[in-house]
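Everything below belongs to query_4.pdb, which stores PDB, C-alpha atoms, pLDDT in the B column.
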ATOM      1  CA  MET D 135     -74.052 302.327 104.401  1.00 39.00           C
ATOM      2  CA  ASP D 136     -75.644 305.681 103.852  1.00 40.00           C
ATOM      3  CA  HIS D 137     -75.611 308.043 100.935  1.00 39.00           C
ATOM      4  CA  ALA D 138     -74.316 311.307 102.445  1.00 38.00           C
ATOM      5  CA  VAL D 139     -74.807 313.916  99.721  1.00 37.00           C
ATOM      6  CA  ALA D 140     -74.934 313.772  95.951  1.00 51.00           C
ATOM      7  CA  HIS D 141     -71.934 311.767  94.724  1.00 72.00           C
ATOM      8  CA  ASP D 142     -70.346 311.421  98.180  1.00 88.00           C
ATOM      9  CA  TYR D 143     -70.650 308.269 100.275  1.00 95.00           C
ATOM     10  CA  ARG D 144     -69.699 307.203 103.775  1.00 94.00           C
ATOM     11  CA  LEU D 145     -69.106 303.626 104.896  1.00 96.00           C
ATOM     12  CA  GLY D 146     -67.949 303.602 108.512  1.00 95.00           C
ATOM     13  CA  ASP D 147     -64.580 305.389 108.536  1.00 95.00           C
ATOM     14  CA  LEU D 148     -64.341 305.455 104.735  1.00 97.00           C
ATOM     15  CA  GLN D 149     -65.394 308.551 102.785  1.00 96.00           C
ATOM     16  CA  ILE D 150     -65.830 308.044  99.025  1.00 96.00           C
ATOM     17  CA  GLY D 151     -65.976 311.212  96.960  1.00 95.00           C
ATOM     18  CA  HIS D 152     -67.284 311.989  93.484  1.00 93.00           C
ATOM     19  CA  THR D 153     -66.899 308.827  91.402  1.00 94.00           C
ATOM     20  CA  TRP D 154     -66.848 309.073  87.619  1.00 95.00           C
ATOM     21  CA  THR D 155     -65.976 307.416  84.322  1.00 96.00           C
ATOM     22  CA  LYS D 156     -65.610 308.653  80.732  1.00 95.00           C
ATOM     23  CA  PRO D 157     -68.043 307.930  77.885  1.00 97.00           C
ATOM     24  CA  ALA D 158     -67.214 304.599  76.208  1.00 97.00           C
ATOM     25  CA  ALA D 159     -68.646 302.266  73.574  1.00 98.00           C
ATOM     26  CA  ALA D 160     -70.308 298.945  74.338  1.00 98.00           C
ATOM     27  CA  GLY D 161     -67.730 296.142  74.163  1.00 98.00           C
ATOM     28  CA  SER D 162     -64.862 298.414  75.221  1.00 98.00           C
ATOM     29  CA  ASP D 163     -63.287 299.021  78.623  1.00 97.00           C
ATOM     30  CA  ALA D 164     -63.756 302.109  80.794  1.00 96.00           C
ATOM     31  CA  ASP D 165     -61.564 303.461  83.583  1.00 95.00           C
ATOM     32  CA  LEU D 166     -63.307 304.599  86.758  1.00 96.00           C
ATOM     33  CA  TYR D 167     -61.943 307.111  89.276  1.00 95.00           C
ATOM     34  CA  ALA D 168     -62.869 307.914  92.874  1.00 94.00           C
ATOM     35  CA  PRO D 169     -61.187 309.687  95.794  1.00 95.00           C
ATOM     36  CA  ILE D 170     -61.301 307.570  98.941  1.00 96.00           C
ATOM     37  CA  PHE D 171     -60.361 308.849 102.399  1.00 96.00           C
ATOM     38  CA  ASN D 172     -59.779 306.479 105.304  1.00 96.00           C
ATOM     39  CA  MET D 173     -60.634 308.523 108.405  1.00 95.00           C
ATOM     40  CA  GLY D 174     -60.124 305.563 110.751  1.00 92.00           C
ATOM     41  CA  ASN D 175     -57.279 304.415 112.955  1.00 91.00           C
ATOM     42  CA  THR D 176     -56.521 301.246 110.988  1.00 90.00           C
ATOM     43  CA  GLU D 177     -55.590 300.545 107.392  1.00 92.00           C
ATOM     44  CA  ALA D 178     -58.408 299.519 105.056  1.00 95.00           C
ATOM     45  CA  LYS D 179     -58.360 297.972 101.592  1.00 97.00           C
ATOM     46  CA  LEU D 180     -60.474 298.106  98.453  1.00 97.00           C
ATOM     47  CA  VAL D 181     -60.452 294.406  97.576  1.00 97.00           C
ATOM     48  CA  ALA D 182     -62.939 294.123  94.705  1.00 97.00           C
ATOM     49  CA  VAL D 183     -65.326 296.035  92.470  1.00 97.00           C
ATOM     50  CA  SER D 184     -68.343 294.794  90.534  1.00 97.00           C
ATOM     51  CA  SER D 185     -70.929 296.262  88.185  1.00 97.00           C
ATOM     52  CA  PRO D 186     -73.842 294.875  86.196  1.00 97.00           C
ATOM     53  CA  ILE D 187     -72.796 296.999  83.184  1.00 97.00           C
ATOM     54  CA  SER D 188     -69.530 295.126  82.536  1.00 97.00           C
ATOM     55  CA  ASP D 189     -68.269 291.556  82.290  1.00 97.00           C
ATOM     56  CA  SER D 190     -65.883 292.285  85.142  1.00 96.00           C
ATOM     57  CA  ALA D 191     -64.326 295.114  87.083  1.00 96.00           C
ATOM     58  CA  GLN D 192     -60.634 294.997  87.877  1.00 95.00           C
ATOM     59  CA  LEU D 193     -58.373 296.950  90.180  1.00 95.00           C
ATOM     60  CA  HIS D 194     -55.408 298.311  88.228  1.00 93.00           C
ATOM     61  CA  GLY D 195     -52.173 300.063  89.089  1.00 90.00           C
ATOM     62  CA  SER D 196     -49.671 301.753  86.830  1.00 80.00           C
ATOM     63  CA  ALA D 197     -46.068 300.669  86.655  1.00 74.00           C
ATOM     64  CA  ASP D 198     -43.090 301.326  84.398  1.00 73.00           C
ATOM     65  CA  ASP D 199     -44.228 298.526  82.093  1.00 69.00           C
ATOM     66  CA  GLY D 200     -47.845 299.701  81.797  1.00 73.00           C
ATOM     67  CA  ASP D 201     -51.249 299.444  83.396  1.00 80.00           C
ATOM     68  CA  LEU D 202     -51.466 296.151  85.319  1.00 88.00           C
ATOM     69  CA  PRO D 203     -54.109 294.351  87.413  1.00 91.00           C
ATOM     70  CA  ILE D 204     -53.488 294.502  91.166  1.00 92.00           C
ATOM     71  CA  ALA D 205     -55.010 292.530  94.062  1.00 93.00           C
ATOM     72  CA  VAL D 206     -56.023 295.427  96.346  1.00 95.00           C
ATOM     73  CA  VAL D 207     -55.874 299.192  96.750  1.00 95.00           C
ATOM     74  CA  ASP D 208     -54.357 300.004 100.147  1.00 95.00           C
ATOM     75  CA  LEU D 209     -56.127 302.792 102.053  1.00 96.00           C
ATOM     76  CA  PRO D 210     -53.722 303.991 104.756  1.00 95.00           C
ATOM     77  CA  GLN D 211     -55.225 305.430 107.924  1.00 94.00           C
ATOM     78  CA  GLY D 212     -55.765 309.177 107.898  1.00 92.00           C
ATOM     79  CA  LYS D 213     -54.745 309.609 104.257  1.00 89.00           C
ATOM     80  CA  PRO D 214     -56.679 310.224 101.054  1.00 92.00           C
ATOM     81  CA  VAL D 215     -56.144 308.025  98.011  1.00 94.00           C
ATOM     82  CA  ALA D 216     -57.127 309.664  94.742  1.00 90.00           C
ATOM     83  CA  THR D 217     -57.409 307.117  91.950  1.00 90.00           C
ATOM     84  CA  ALA D 218     -56.065 308.338  88.609  1.00 88.00           C
ATOM     85  CA  PRO D 219     -54.788 306.957  85.279  1.00 85.00           C
ATOM     86  CA  TRP D 220     -51.177 307.067  86.535  1.00 87.00           C
ATOM     87  CA  ARG D 221     -51.915 305.242  89.817  1.00 89.00           C
ATOM     88  CA  GLU D 222     -54.564 302.886  91.208  1.00 92.00           C
ATOM     89  CA  HIS D 223     -57.940 302.882  89.444  1.00 94.00           C
ATOM     90  CA  VAL D 224     -60.797 300.590  88.405  1.00 96.00           C
ATOM     91  CA  VAL D 225     -61.261 299.170  84.901  1.00 96.00           C
ATOM     92  CA  LEU D 226     -64.753 298.090  83.843  1.00 97.00           C
ATOM     93  CA  THR D 227     -64.123 295.444  81.158  1.00 97.00           C
ATOM     94  CA  ASN D 228     -66.232 294.625  78.100  1.00 98.00           C
ATOM     95  CA  LEU D 229     -69.065 297.083  78.703  1.00 98.00           C
ATOM     96  CA  LYS D 230     -72.539 295.671  78.085  1.00 98.00           C
ATOM     97  CA  LYS D 231     -73.872 299.070  76.975  1.00 96.00           C
ATOM     98  CA  THR D 232     -72.534 302.350  75.653  1.00 98.00           C
ATOM     99  CA  LEU D 233     -71.769 304.911  78.351  1.00 97.00           C
ATOM    100  CA  VAL D 234     -72.978 308.384  77.351  1.00 96.00           C
ATOM    101  CA  SER D 235     -72.130 311.625  79.121  1.00 95.00           C
ATOM    102  CA  GLY D 236     -74.875 312.378  81.641  1.00 94.00           C
ATOM    103  CA  ASP D 237     -75.614 308.698  82.352  1.00 95.00           C
ATOM    104  CA  SER D 238     -75.192 307.146  85.790  1.00 95.00           C
ATOM    105  CA  VAL D 239     -74.200 303.513  86.383  1.00 96.00           C
ATOM    106  CA  LYS D 240     -74.188 301.313  89.496  1.00 96.00           C
ATOM    107  CA  VAL D 241     -70.861 300.023  90.783  1.00 97.00           C
ATOM    108  CA  THR D 242     -70.189 298.192  94.066  1.00 97.00           C
ATOM    109  CA  PHE D 243     -66.946 298.745  95.987  1.00 97.00           C
ATOM    110  CA  ASP D 244     -65.977 295.873  98.315  1.00 98.00           C
ATOM    111  CA  PHE D 245     -63.795 296.918 101.251  1.00 97.00           C
ATOM    112  CA  GLY D 246     -63.549 293.421 102.755  1.00 96.00           C
ATOM    113  CA  PRO D 247     -64.302 293.437 106.506  1.00 94.00           C
ATOM    114  CA  ALA D 248     -65.287 297.147 106.322  1.00 94.00           C
ATOM    115  CA  GLY D 249     -68.244 296.257 104.070  1.00 96.00           C
ATOM    116  CA  THR D 250     -69.549 297.104 100.611  1.00 97.00           C
ATOM    117  CA  GLN D 251     -70.911 300.328  99.156  1.00 97.00           C
ATOM    118  CA  VAL D 252     -73.067 300.703  96.035  1.00 97.00           C
ATOM    119  CA  LEU D 253     -72.149 303.860  94.127  1.00 96.00           C
ATOM    120  CA  ASP D 254     -73.914 305.850  91.431  1.00 95.00           C
ATOM    121  CA  VAL D 255     -71.048 306.555  89.055  1.00 95.00           C
ATOM    122  CA  GLU D 256     -71.440 309.560  86.775  1.00 95.00           C
ATOM    123  CA  VAL D 257     -70.437 309.321  83.113  1.00 96.00           C
ATOM    124  CA  GLU D 258     -68.627 312.573  82.370  1.00 94.00           C
ATOM    125  CA  ASP D 259     -66.781 313.925  79.366  1.00 89.00           C
ATOM    126  CA  PRO D 260     -63.555 315.370  80.851  1.00 80.00           C
ATOM    127  CA  SER D 261     -63.388 317.933  78.037  1.00 75.00           C
ATOM    128  CA  GLY D 262     -66.712 319.369  79.189  1.00 64.00           C
ATOM    129  CA  ASP D 263     -68.447 318.629  75.870  1.00 58.00           C
TER     130      ASP D 263
END
Using structure tokens, write down the structure that the file contains.
Amino acid sequence: MDHAVAHDYRLGDLQIGHTWTKPAAAGSDADLYAPIFNMGNTEAKLVAVSSPISDSAQLHGSADDGDLPIAVVDLPQGKPVATAPWREHVVLTNLKKTLVSGDSVKVTFDFGPAGTQVLDVEVEDPSGD
């Protein structure tokens, strides 16, 4: 579990790129996005996420009937998975504090047998303001 360069992480065969969330008010939910690349020879899975800044963190996937909780995010061997609003992503529920652009928050990704990685997640305004 080493921190490679600013905002990029490596956990064994898993490379986690720049992880970010939008500004959000305390008590609301916030979506979190991260590109993950499985450079190994076997499939891996993101099985859970946690953070001290929210009541819970849930894995979500998008379907025809909306944004729904899912059990895992599959990380196929040799392929990148870019989380996004229209596909798999993380939802931090009931934030305990307001997230302001420029802040950084701690989030832990649990990859099951592959291990866990603590991330510094940047709070960024996608409009650039």
Find the residues around Asp189 of chain D up to 10 Å (all atoms listed in the file counted), leave out those fewer than 3 positions away in its own chain, and share them as a PDB file with C-alpha atoms, keeping the file's coordinate frame.
ATOM      1  CA  GLY D 161     -67.730 296.142  74.163  1.00 98.00           C
ATOM      2  CA  ASP D 163     -63.287 299.021  78.623  1.00 97.00           C
ATOM      3  CA  SER D 184     -68.343 294.794  90.534  1.00 97.00           C
ATOM      4  CA  SER D 185     -70.929 296.262  88.185  1.00 97.00           C
ATOM      5  CA  PRO D 186     -73.842 294.875  86.196  1.00 97.00           C
ATOM      6  CA  LEU D 226     -64.753 298.090  83.843  1.00 97.00           C
ATOM      7  CA  THR D 227     -64.123 295.444  81.158  1.00 97.00           C
ATOM      8  CA  ASN D 228     -66.232 294.625  78.100  1.00 98.00           C
ATOM      9  CA  LEU D 229     -69.065 297.083  78.703  1.00 98.00           C
ATOM     10  CA  LYS D 230     -72.539 295.671  78.085  1.00 98.00           C
TER      11      LYS D 230
END
Carefully work through the PyMOL selection byres ((chain D and resi 241) around 12) for this structure and note down the residues it includes, as a short mmCIF file (atom, residue, chain, number, x, y, z; two decimals) with C-alpha atoms, in the coordinates of the input.
data_model
loop_
_atom_site.label_atom_id
_atom_site.label_comp_id
_atom_site.auth_asym_id
_atom_site.auth_seq_id
_atom_site.Cartn_x
_atom_site.Cartn_y
_atom_site.Cartn_z
CA THR D 153 -66.90 308.83 91.40
CA TRP D 154 -66.85 309.07 87.62
CA THR D 155 -65.98 307.42 84.32
CA LEU D 166 -63.31 304.60 86.76
CA TYR D 167 -61.94 307.11 89.28
CA ALA D 168 -62.87 307.91 92.87
CA ALA D 182 -62.94 294.12 94.70
CA VAL D 183 -65.33 296.04 92.47
CA SER D 184 -68.34 294.79 90.53
CA SER D 185 -70.93 296.26 88.18
CA PRO D 186 -73.84 294.88 86.20
CA ILE D 187 -72.80 297.00 83.18
CA SER D 188 -69.53 295.13 82.54
CA SER D 190 -65.88 292.29 85.14
CA ALA D 191 -64.33 295.11 87.08
CA GLN D 192 -60.63 295.00 87.88
CA VAL D 224 -60.80 300.59 88.40
CA VAL D 225 -61.26 299.17 84.90
CA LEU D 226 -64.75 298.09 83.84
CA SER D 238 -75.19 307.15 85.79
CA VAL D 239 -74.20 303.51 86.38
CA LYS D 240 -74.19 301.31 89.50
CA THR D 242 -70.19 298.19 94.07
CA PHE D 243 -66.95 298.74 95.99
CA ASP D 244 -65.98 295.87 98.32
CA THR D 250 -69.55 297.10 100.61
CA GLN D 251 -70.91 300.33 99.16
CA VAL D 252 -73.07 300.70 96.04
CA LEU D 253 -72.15 303.86 94.13
CA ASP D 254 -73.91 305.85 91.43
CA VAL D 255 -71.05 306.56 89.06
CA GLU D 256 -71.44 309.56 86.78
#
Point-to-point distance from atom CA of Asp198 of chain D to atom CA of Glu222 of chain D, Å rounded to tenths: 13.4 Å
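Excluding Lys213 of chain D itself and same-chain residues fewer than 3 positions from it, the residues having an atom within 8 Å of it are Phe171, Asn172, Met173, Leu209 and Pro210 of chain D, counting all atoms listed in the file.
Atom CA of Ile204 of chain D is found 20.0 Å from atom CA of Ser162 of chain D.
Using all atoms listed in the file, the contacts of segment 178-180 of chain D at a cut-off of 9 Å, with sequence neighbours closer than 4 positions omitted, comprise Leu148, Asn172, Gly174, Leu193, Ala205, Val206, Val207, Asp208, Leu209, Pro210, Gln211, Phe243, Asp244, Phe245, Gly246, Pro247 and Ala248 of chain D.
Taking atom CA of Pro157 of chain D as the reference point, atom CA of Val234 of chain D is found at 5.0 Å.
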Just say which residues the PyMOL selection byres ((chain D and resi 259) around 9) picks in this file, as an MDAnalysis selection string. chainID D and resid 155:157 234:236 257:258 260:263
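Each of D:Ala158, D:Lys231, D:Ile170, D:Pro219 was compared to Leu202 of chain D using only C-alpha atoms, and D:Pro219 turns out to be the nearest.
Distances here use only C-alpha atoms; by that measure, the residue among D:Thr217, D:Pro169, D:Asn175, D:Thr232 closest to His152 of chain D is D:Pro169.
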